[in-house]
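K.L.:
upload37.txt is reproduced below (compact mmCIF, C-alpha atoms).
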# COMPACT_ATOMS: atom_id res chain seq x y z
CA MET A 1 19.07 -51.80 30.14
CA LEU A 2 22.54 -51.80 31.76
CA SER A 3 23.33 -52.95 35.27
CA ILE A 4 26.89 -53.01 36.64
CA LYS A 5 27.50 -54.75 39.96
CA ASP A 6 30.70 -54.26 41.99
CA LEU A 7 32.89 -54.14 38.89
CA LYS A 8 36.64 -54.33 39.47
CA ALA A 9 39.28 -54.35 36.74
CA SER A 10 43.03 -53.96 36.48
CA VAL A 11 45.96 -53.63 34.12
CA GLY A 12 48.71 -55.96 35.24
CA GLU A 13 49.07 -55.50 39.00
CA LYS A 14 47.35 -52.11 39.06
CA GLU A 15 43.68 -52.09 39.99
CA ILE A 16 41.87 -49.24 38.22
CA LEU A 17 38.18 -49.95 38.75
CA LYS A 18 37.61 -50.66 42.43
CA GLY A 19 33.92 -51.48 42.67
CA ILE A 20 31.70 -49.71 40.13
CA ASN A 21 27.94 -49.96 40.65
CA LEU A 22 25.68 -48.38 38.06
CA ASP A 23 22.21 -48.84 36.56
CA ILE A 24 21.05 -47.16 33.34
CA PRO A 25 17.36 -47.63 32.40
CA LYS A 26 16.26 -47.91 28.79
CA GLY A 27 16.47 -44.64 26.86
CA GLU A 28 18.29 -42.70 29.61
CA VAL A 29 21.45 -40.65 29.08
CA HIS A 30 24.04 -40.98 31.85
CA VAL A 31 27.34 -39.12 32.02
CA ILE A 32 30.63 -40.10 33.65
CA MET A 33 32.93 -37.27 34.73
CA GLY A 34 36.17 -37.14 36.69
CA PRO A 35 39.81 -36.03 36.50
CA ASN A 36 42.38 -37.86 34.39
CA GLY A 37 43.45 -41.33 35.47
CA VAL A 38 40.47 -42.30 37.63
CA GLY A 39 39.07 -45.03 35.39
CA LYS A 40 36.50 -43.33 33.13
CA SER A 41 37.83 -44.63 29.81
CA THR A 42 38.78 -47.91 31.47
CA LEU A 43 35.13 -48.42 32.38
CA ALA A 44 34.09 -47.75 28.77
CA HIS A 45 36.55 -50.29 27.38
CA VAL A 46 35.83 -52.92 30.05
CA LEU A 47 32.11 -52.69 29.20
CA MET A 48 33.02 -53.35 25.55
CA GLY A 49 35.15 -56.37 26.50
CA SER A 50 38.66 -55.05 25.83
CA LYS A 51 41.32 -57.67 26.44
CA ALA A 52 43.71 -54.97 27.66
CA TYR A 53 42.00 -55.14 31.07
CA GLN A 54 41.52 -58.00 33.51
CA LEU A 55 38.08 -58.28 35.10
CA SER A 56 38.72 -59.41 38.67
CA ASN A 57 35.25 -59.05 40.16
CA GLY A 58 31.67 -58.12 39.44
CA HIS A 59 29.13 -58.54 36.69
CA ILE A 60 27.79 -56.62 33.69
CA TYR A 61 24.15 -57.18 32.76
CA LEU A 62 22.53 -56.10 29.51
CA ASP A 63 18.76 -56.59 29.49
CA SER A 64 19.20 -58.85 32.54
CA GLU A 65 21.68 -61.07 30.65
CA ASP A 66 25.17 -61.43 32.15
CA ILE A 67 27.62 -60.43 29.40
CA SER A 68 30.69 -60.26 31.65
CA GLN A 69 32.45 -63.18 29.97
CA LEU A 70 31.50 -62.42 26.36
CA ASP A 71 34.14 -61.13 23.95
CA THR A 72 33.87 -57.81 22.14
CA ALA A 73 32.22 -59.21 19.00
CA GLU A 74 29.59 -61.05 21.01
CA ARG A 75 28.79 -57.92 23.04
CA ALA A 76 28.44 -55.94 19.83
CA LYS A 77 25.95 -58.51 18.51
CA LYS A 78 23.99 -58.17 21.75
CA GLY A 79 23.69 -54.43 21.12
CA VAL A 80 26.66 -52.71 22.79
CA PHE A 81 28.42 -49.93 20.86
CA LEU A 82 31.56 -47.99 21.72
CA ALA A 83 32.53 -44.71 20.02
CA PHE A 84 36.26 -44.24 20.42
CA GLN A 85 38.02 -41.15 21.69
CA TYR A 86 40.68 -41.68 19.01
CA PRO A 87 39.08 -43.55 16.07
CA VAL A 88 41.48 -45.60 13.97
CA ALA A 89 42.27 -44.52 10.39
CA VAL A 90 42.20 -47.30 7.78
CA PRO A 91 43.67 -46.13 4.44
CA GLY A 92 42.22 -48.13 1.56
CA LEU A 93 38.91 -48.95 3.28
CA ARG A 94 36.27 -46.87 1.53
CA LEU A 95 33.64 -45.49 3.88
CA SER A 96 30.69 -46.36 1.67
CA GLU A 97 31.60 -50.05 1.54
CA TYR A 98 32.56 -50.22 5.20
CA LEU A 99 29.25 -48.71 6.34
CA ARG A 100 27.13 -50.89 4.04
CA ASN A 101 28.86 -54.05 5.25
CA LEU A 102 28.49 -52.90 8.85
CA TYR A 103 24.76 -52.37 8.35
CA ASN A 104 24.24 -55.67 6.54
CA ILE A 105 26.04 -57.69 9.24
CA ARG A 106 24.20 -56.00 12.11
CA HIS A 107 20.75 -56.35 10.53
CA GLU A 108 21.43 -59.65 8.74
CA LYS A 109 20.53 -58.18 5.36
CA GLN A 110 22.17 -57.85 1.96
CA LEU A 111 21.26 -54.37 0.78
CA SER A 112 22.43 -53.25 -2.64
CA VAL A 113 24.28 -49.97 -3.06
CA SER A 114 21.11 -48.18 -4.19
CA GLU A 115 19.06 -49.62 -1.30
CA PHE A 116 21.69 -48.59 1.20
CA ARG A 117 21.69 -45.02 -0.13
CA LYS A 118 18.06 -44.75 0.93
CA VAL A 119 18.93 -45.98 4.43
CA LEU A 120 21.74 -43.42 4.69
CA LYS A 121 19.84 -40.37 3.42
CA ASP A 122 18.19 -39.07 6.62
CA LYS A 123 21.18 -40.09 8.75
CA LEU A 124 23.58 -38.03 6.63
CA GLN A 125 21.21 -35.08 6.92
CA LEU A 126 21.01 -35.39 10.71
CA LEU A 127 24.82 -35.34 10.99
CA GLU A 128 25.33 -32.78 8.20
CA ILE A 129 27.61 -35.11 6.24
CA ASP A 130 28.04 -34.58 2.51
CA ARG A 131 27.43 -37.80 0.56
CA VAL A 132 30.65 -37.28 -1.44
CA THR A 133 32.60 -37.81 1.80
CA LEU A 134 31.62 -41.48 1.68
CA GLN A 135 34.12 -41.99 -1.15
CA ARG A 136 36.99 -41.23 1.24
CA TYR A 137 38.83 -43.84 3.29
CA LEU A 138 37.82 -44.54 6.88
CA ASN A 139 39.07 -41.65 9.07
CA ASP A 140 42.04 -41.13 6.73
CA GLY A 141 42.97 -37.45 6.96
CA PHE A 142 39.75 -36.62 8.81
CA SER A 143 39.48 -33.70 11.22
CA GLY A 144 38.44 -34.38 14.82
CA GLY A 145 34.90 -33.25 14.08
CA GLU A 146 34.63 -35.47 10.99
CA MET A 147 35.84 -38.51 12.90
CA LYS A 148 33.32 -38.01 15.69
CA ARG A 149 30.43 -37.48 13.28
CA PHE A 150 31.30 -40.72 11.50
CA GLU A 151 31.37 -42.52 14.85
CA MET A 152 27.82 -41.25 15.35
CA LEU A 153 26.86 -42.35 11.84
CA GLN A 154 27.94 -45.88 12.73
CA LEU A 155 25.78 -45.64 15.85
CA LEU A 156 22.77 -44.63 13.76
CA LEU A 157 23.29 -47.57 11.42
CA LEU A 158 23.85 -50.15 14.15
CA GLU A 159 20.92 -49.05 16.37
CA PRO A 160 22.46 -50.44 19.59
CA LYS A 161 20.72 -50.99 22.90
CA LEU A 162 23.62 -49.33 24.75
CA ALA A 163 25.91 -46.66 23.29
CA ILE A 164 29.14 -45.87 25.15
CA LEU A 165 30.75 -42.63 23.98
CA ASP A 166 34.34 -42.13 25.15
CA GLU A 167 35.00 -38.37 25.05
CA ILE A 168 33.01 -37.92 21.87
CA ASP A 169 33.36 -34.14 22.34
CA SER A 170 37.16 -33.97 22.58
CA GLY A 171 38.98 -32.25 19.73
CA VAL A 172 35.81 -30.87 18.13
CA ASP A 173 34.44 -27.34 17.85
CA VAL A 174 31.11 -26.15 19.22
CA ASP A 175 29.28 -26.66 15.92
CA ALA A 176 30.34 -30.31 15.76
CA GLN A 177 29.38 -30.74 19.42
CA LYS A 178 25.88 -29.48 18.66
CA ILE A 179 25.56 -31.95 15.77
CA VAL A 180 26.72 -34.84 17.98
CA ALA A 181 24.35 -33.74 20.75
CA ASN A 182 21.40 -33.57 18.35
CA CYS A 183 22.18 -37.11 17.25
CA ILE A 184 22.34 -38.36 20.85
CA ASN A 185 19.02 -36.71 21.70
CA HIS A 186 17.42 -38.15 18.58
CA VAL A 187 18.60 -41.72 19.15
CA ALA A 188 17.72 -41.72 22.86
CA LYS A 189 14.21 -40.49 22.10
CA GLU A 190 13.39 -42.38 18.91
CA ASN A 191 15.27 -45.67 19.44
CA LYS A 192 15.23 -45.71 23.26
CA THR A 193 18.98 -46.33 23.20
CA SER A 194 20.69 -46.00 26.58
CA PHE A 195 23.82 -43.84 26.68
CA LEU A 196 26.91 -43.80 28.87
CA ILE A 197 28.94 -40.71 27.95
CA VAL A 198 32.46 -40.10 29.23
CA THR A 199 33.38 -36.42 29.12
CA HIS A 200 35.45 -33.67 30.72
CA TYR A 201 33.41 -30.78 29.38
CA GLN A 202 30.21 -29.10 30.49
CA ARG A 203 29.43 -27.58 27.08
CA LEU A 204 28.25 -30.83 25.49
CA LEU A 205 25.99 -31.50 28.46
CA SER A 206 24.20 -28.18 28.00
CA PHE A 207 23.05 -29.49 24.59
CA ILE A 208 22.08 -32.95 25.87
CA LYS A 209 20.75 -32.40 29.40
CA PRO A 210 21.51 -35.89 30.73
CA ASP A 211 19.24 -37.82 33.07
CA LYS A 212 22.05 -38.41 35.56
CA VAL A 213 25.68 -37.40 36.11
CA HIS A 214 28.20 -39.63 37.93
CA VAL A 215 31.56 -38.50 39.30
CA VAL A 216 34.28 -41.17 39.29
CA LEU A 217 37.11 -40.70 41.78
CA ASP A 218 39.68 -43.29 42.81
CA GLY A 219 38.11 -46.07 40.75
CA ILE A 220 34.56 -45.82 42.13
CA ILE A 221 31.47 -43.71 41.50
CA HIS A 222 31.91 -41.23 44.30
CA ARG A 223 28.76 -39.21 43.77
CA SER A 224 25.73 -39.07 41.44
CA GLY A 225 23.20 -36.36 40.72
CA ASP A 226 21.59 -34.14 38.10
CA MET A 227 23.03 -31.21 36.13
CA SER A 228 23.44 -29.21 39.33
CA LEU A 229 26.33 -31.55 40.14
CA VAL A 230 28.10 -30.41 36.96
CA ASP A 231 27.64 -26.78 37.99
CA GLU A 232 29.12 -27.62 41.40
CA LEU A 233 32.14 -29.23 39.74
CA GLU A 234 32.68 -26.14 37.62
CA ARG A 235 32.66 -23.90 40.69
CA LYS A 236 34.51 -26.02 43.25
CA GLY A 237 36.40 -28.80 41.43
CA TYR A 238 36.86 -32.49 42.11
CA ASP A 239 38.86 -32.10 45.33
CA HIS A 240 35.83 -30.46 46.94
CA ILE A 241 33.70 -33.48 46.01
CA ARG A 242 36.31 -35.90 47.35
CA GLN A 243 36.88 -34.07 50.63
CA ASN A 244 33.42 -32.86 51.53
CA HIS A 245 31.06 -35.60 50.40
CA PRO A 246 30.88 -39.30 51.25
CA THR A 247 30.49 -41.82 48.48
CA VAL A 248 26.78 -41.69 47.67
CA THR A 249 24.45 -42.42 44.77
CA LEU A 250 21.29 -40.37 44.51
Write out the structure in this file as structure tokens.
P.N.:
Amino acid sequence: MLSIKDLKASVGEKEILKGINLDIPKGEVHVIMGPNGVGKSTLAHVLMGSKAYQLSNGHIYLDSEDISQLDTAERAKKGVFLAFQYPVAVPGLRLSEYLRNLYNIRHEKQLSVSEFRKVLKDKLQLLEIDRVTLQRYLNDGFSGGEMKRFEMLQLLLLEPKLAILDEIDSGVDVDAQKIVANCINHVAKENKTSFLIVTHYQRLLSFIKPDKVHVVLDGIIHRSGDMSLVDELERKGYDHIRQNHPTVTL
């Protein structure tokens, strides 16, 4: 589904991504971990086409199509979705209207309010969202957990090929993490969506059980493995990985 080849990106004169290589098959859940400042969130935003970063080398393939030069809107139409670490609040934009328009544009439909309610029903149940919340404004006064659940609701409505989640578990309690994890598991299984999840925390991963974990250090994927790699990080830290293991992908 996603193939990244020797991806390099910078901000101004500073190179942040220094040669990322990564392949994510259809329906697999992959996780990116690493200390602050190594390029995890940069990778997420570069994949979505953020203009804040300059792509200096490499290619991004989605379903074998090179999307490296497409802008953010075009990548979204191709099926790429990014859930933000800090979602933007938009006072005055009612959630119900925003979500219905989002769905209609993505699926090239014109559902009425009553028709859209039927589409929303099971998705609200999965994320434990009260329908009355849809009368609020987008992320305006929302808690961290509410924001992240509404990011996942957008994912459910858009049905992307690739979902990139930038620290979807930050600022949320364990109950909200379980709800997010259930949604990820559901979408990966039922829709065969591929996931790239950026996180610092092991707890979310215990609910998801990803197919592969990648450790980013110094702008490259330094090591890849299964959940045992996460356990090793918990015990020994990132410096141990950097000092005692060559750059290798399993």
K.L.:
Please list as a ChimeraX atom specification every residue within 8 Å of Ile184 of chain A, counting all atoms listed in the file and excluding residues in the same chain fewer than 4 positions away.
P.N.:
/A:180,188,208
K.L.:
Within 10 Å of (24.5, -57.0, 42.4), all atoms listed in the file: residues as a ChimeraX atom specification?
P.N.:
/A:3-7,21-22,58-61
K.L.:
Save the residues we just selected, C-alpha atoms, as an mmCIF file, in the coordinates of the input?
P.N.:
data_model
loop_
_atom_site.group_PDB
_atom_site.id
_atom_site.type_symbol
_atom_site.label_atom_id
_atom_site.label_comp_id
_atom_site.auth_asym_id
_atom_site.auth_seq_id
_atom_site.Cartn_x
_atom_site.Cartn_y
_atom_site.Cartn_z
ATOM 1 C CA SER A 3 23.330 -52.950 35.270
ATOM 2 C CA ILE A 4 26.890 -53.010 36.640
ATOM 3 C CA LYS A 5 27.500 -54.750 39.960
ATOM 4 C CA ASP A 6 30.700 -54.260 41.990
ATOM 5 C CA LEU A 7 32.890 -54.140 38.890
ATOM 6 C CA ASN A 21 27.940 -49.960 40.650
ATOM 7 C CA LEU A 22 25.680 -48.380 38.060
ATOM 8 C CA GLY A 58 31.670 -58.120 39.440
ATOM 9 C CA HIS A 59 29.130 -58.540 36.690
ATOM 10 C CA ILE A 60 27.790 -56.620 33.690
ATOM 11 C CA TYR A 61 24.150 -57.180 32.760
#
K.L.:
Enter the distance from atom CA of Leu82 of chain A to atom CA of Gly237 of chain A, in Å, rounded to one decimal.
P.N.:
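Separation between atom CA of Leu82 of chain A and atom CA of Gly237 of chain A: 27.9 Å.
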K.L.:
Can you pull out every residue within 12 Å of Glu108 of chain A, counting all atoms listed in the file, but drop anything in the same chain fewer than 5 positions away, and send it as an NGL selection string?
P.N.:
:A and (77 or 100-103 or 158)
K.L.:
Please determine, counting all atoms listed in the file, which residue among A:Ala163, A:Ala89, A:Leu120, A:Leu126 has the shortest atom-to-atom distance to Met147 of chain A.
P.N.:
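Among A:Ala163, A:Ala89, A:Leu120, A:Leu126, it is A:Ala89 that comes nearest to Met147 of chain A.
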K.L.:
Hey, could you make a per-residue contact list for segment 17-55 of chain A against segment 215-232 of chain A with 6 Å as the cut-off, showing the nearest pair of atoms and its distance in Å to one decimal, counting all atoms listed in the file, sorted by chain and number, as CSV?
P.N.:
residue,atom,partner,partner_atom,distance
A:Leu17,CA,A:Gly219,CA,4.4
A:Lys18,CA,A:Gly219,CA,4.9
A:Gly19,CA,A:Ile220,CA,5.7
A:Ile20,CA,A:Ile220,CA,5.2
A:Ile32,CA,A:Val215,CA,5.9
A:Met33,CA,A:Val215,CA,4.9
A:Gly34,CA,A:Val216,CA,5.2
A:Val38,CA,A:Asp218,CA,5.3
A:Gly39,CA,A:Gly219,CA,5.5
K.L.:
Find the residues around segment 171-178 of chain A up to 7 Å (only C-alpha atoms counted), leave out those fewer than 3 positions away in its own chain, and share them as a list in words.
P.N.:
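Result of the neighbour search: Gly144, Gly145, Ala181, Asn182, Leu204 and Phe207 of chain A.
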K.L.:
Rounded to one decimal in Å, what is the spacing between atom CA of Gly27 of chain A and atom CA of Val80 of chain A?
P.N.:
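Interatomic distance here is 13.6 Å.
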K.L.:
Distance cut-off 8 Å, centre (29.0, -39.4, 15.6) in file coordinates, counting only C-alpha atoms: which residues qualify? Return them as a count of residues only.
P.N.:
14
K.L.:
List as a VMD selection string the protein and nucleic acid residues near Val31 of chain A, meaning an atom at most 10 Å away when all atoms listed in the file are counted, but skip any in the same chain fewer than 2 places from it.
P.N.:
chain A and resid 29 33 164 to 165 195 to 200 205 209 to 215 224 226 to 227
K.L.:
Mind dumping the selected residues with C-alpha atoms as a CSV table (one decimal), keeping the file's coordinate frame?
P.N.:
chain,number,residue,atom,x,y,z
A,29,VAL,CA,21.4,-40.6,29.1
A,33,MET,CA,32.9,-37.3,34.7
A,164,ILE,CA,29.1,-45.9,25.2
A,165,LEU,CA,30.8,-42.6,24.0
A,195,PHE,CA,23.8,-43.8,26.7
A,196,LEU,CA,26.9,-43.8,28.9
A,197,ILE,CA,28.9,-40.7,28.0
A,198,VAL,CA,32.5,-40.1,29.2
A,199,THR,CA,33.4,-36.4,29.1
A,200,HIS,CA,35.4,-33.7,30.7
A,205,LEU,CA,26.0,-31.5,28.5
A,209,LYS,CA,20.8,-32.4,29.4
A,210,PRO,CA,21.5,-35.9,30.7
A,211,ASP,CA,19.2,-37.8,33.1
A,212,LYS,CA,22.0,-38.4,35.6
A,213,VAL,CA,25.7,-37.4,36.1
A,214,HIS,CA,28.2,-39.6,37.9
A,215,VAL,CA,31.6,-38.5,39.3
A,224,SER,CA,25.7,-39.1,41.4
A,226,ASP,CA,21.6,-34.1,38.1
A,227,MET,CA,23.0,-31.2,36.1
K.L.:
Measuring between all atoms listed in the file, which one of A:Ile129, A:Val113, A:Leu138, A:Leu47 shows the shortest distance to Gly92 of chain A?
P.N.:
A:Leu138
K.L.:
Supply segment 163-187 of chain A as an mmCIF file, in the frame of the given file, with N, CA and C atoms built in where the input has gaps.
P.N.:
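Just written: out-v2.cif:
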data_model
loop_
_atom_site.group_PDB
_atom_site.id
_atom_site.type_symbol
_atom_site.label_atom_id
_atom_site.label_comp_id
_atom_site.auth_asym_id
_atom_site.auth_seq_id
_atom_site.Cartn_x
_atom_site.Cartn_y
_atom_site.Cartn_z
ATOM 1 N N ALA A 163 24.843 -47.382 23.987
ATOM 2 C CA ALA A 163 25.910 -46.660 23.290
ATOM 3 C C ALA A 163 26.838 -46.039 24.336
ATOM 4 N N ILE A 164 28.110 -46.404 24.255
ATOM 5 C CA ILE A 164 29.140 -45.870 25.150
ATOM 6 C C ILE A 164 29.984 -44.902 24.329
ATOM 7 N N LEU A 165 30.031 -43.652 24.736
ATOM 8 C CA LEU A 165 30.750 -42.630 23.980
ATOM 9 C C LEU A 165 31.930 -42.137 24.830
ATOM 10 N N ASP A 166 33.135 -42.484 24.399
ATOM 11 C CA ASP A 166 34.340 -42.130 25.150
ATOM 12 C C ASP A 166 34.878 -40.792 24.646
ATOM 13 N N GLU A 167 34.560 -39.732 25.368
ATOM 14 C CA GLU A 167 35.000 -38.370 25.050
ATOM 15 C C GLU A 167 34.700 -38.021 23.591
ATOM 16 N N ILE A 168 33.457 -38.194 23.225
ATOM 17 C CA ILE A 168 33.010 -37.920 21.870
ATOM 18 C C ILE A 168 33.144 -36.442 21.527
ATOM 19 N N ASP A 169 33.277 -35.590 22.557
ATOM 20 C CA ASP A 169 33.360 -34.140 22.340
ATOM 21 C C ASP A 169 34.782 -33.606 22.354
ATOM 22 N N SER A 170 35.786 -34.465 22.527
ATOM 23 C CA SER A 170 37.160 -33.970 22.580
ATOM 24 C C SER A 170 37.678 -33.699 21.172
ATOM 25 N N GLY A 171 38.381 -32.587 21.014
ATOM 26 C CA GLY A 171 38.980 -32.250 19.730
ATOM 27 C C GLY A 171 38.003 -31.771 18.687
ATOM 28 N N VAL A 172 36.801 -31.358 19.095
ATOM 29 C CA VAL A 172 35.810 -30.870 18.130
ATOM 30 C C VAL A 172 35.333 -29.483 18.548
ATOM 31 N N ASP A 173 34.916 -28.689 17.554
ATOM 32 C CA ASP A 173 34.440 -27.340 17.850
ATOM 33 C C ASP A 173 32.979 -27.386 18.283
ATOM 34 N N VAL A 174 32.458 -26.217 18.652
ATOM 35 C CA VAL A 174 31.110 -26.150 19.220
ATOM 36 C C VAL A 174 30.052 -26.561 18.210
ATOM 37 N N ASP A 175 30.255 -26.264 16.934
ATOM 38 C CA ASP A 175 29.280 -26.660 15.920
ATOM 39 C C ASP A 175 29.179 -28.178 15.813
ATOM 40 N N ALA A 176 30.329 -28.844 15.816
ATOM 41 C CA ALA A 176 30.340 -30.310 15.760
ATOM 42 C C ALA A 176 29.737 -30.901 17.025
ATOM 43 N N GLN A 177 29.973 -30.266 18.168
ATOM 44 C CA GLN A 177 29.380 -30.740 19.420
ATOM 45 C C GLN A 177 27.861 -30.676 19.365
ATOM 46 N N LYS A 178 27.334 -29.613 18.786
ATOM 47 C CA LYS A 178 25.880 -29.480 18.660
ATOM 48 C C LYS A 178 25.310 -30.583 17.771
ATOM 49 N N ILE A 179 26.017 -30.901 16.682
ATOM 50 C CA ILE A 179 25.560 -31.950 15.770
ATOM 51 C C ILE A 179 25.557 -33.302 16.481
ATOM 52 N N VAL A 180 26.633 -33.589 17.220
ATOM 53 C CA VAL A 180 26.720 -34.840 17.980
ATOM 54 C C VAL A 180 25.606 -34.899 19.022
ATOM 55 N N ALA A 181 25.389 -33.786 19.719
ATOM 56 C CA ALA A 181 24.350 -33.740 20.750
ATOM 57 C C ALA A 181 22.963 -33.969 20.159
ATOM 58 N N ASN A 182 22.694 -33.373 19.003
ATOM 59 C CA ASN A 182 21.400 -33.570 18.350
ATOM 60 C C ASN A 182 21.180 -35.042 18.003
ATOM 61 N N CYS A 183 22.258 -35.696 17.579
ATOM 62 C CA CYS A 183 22.180 -37.110 17.250
ATOM 63 C C CYS A 183 21.885 -37.943 18.502
ATOM 64 N N ILE A 184 22.571 -37.646 19.589
ATOM 65 C CA ILE A 184 22.340 -38.360 20.850
ATOM 66 C C ILE A 184 20.894 -38.203 21.298
ATOM 67 N N ASN A 185 20.405 -36.978 21.287
ATOM 68 C CA ASN A 185 19.020 -36.710 21.700
ATOM 69 C C ASN A 185 18.023 -37.459 20.819
ATOM 70 N N HIS A 186 18.301 -37.473 19.525
ATOM 71 C CA HIS A 186 17.420 -38.150 18.580
ATOM 72 C C HIS A 186 17.371 -39.654 18.838
ATOM 73 N N VAL A 187 18.530 -40.269 18.984
ATOM 74 C CA VAL A 187 18.600 -41.720 19.150
ATOM 75 C C VAL A 187 18.010 -42.150 20.499
#
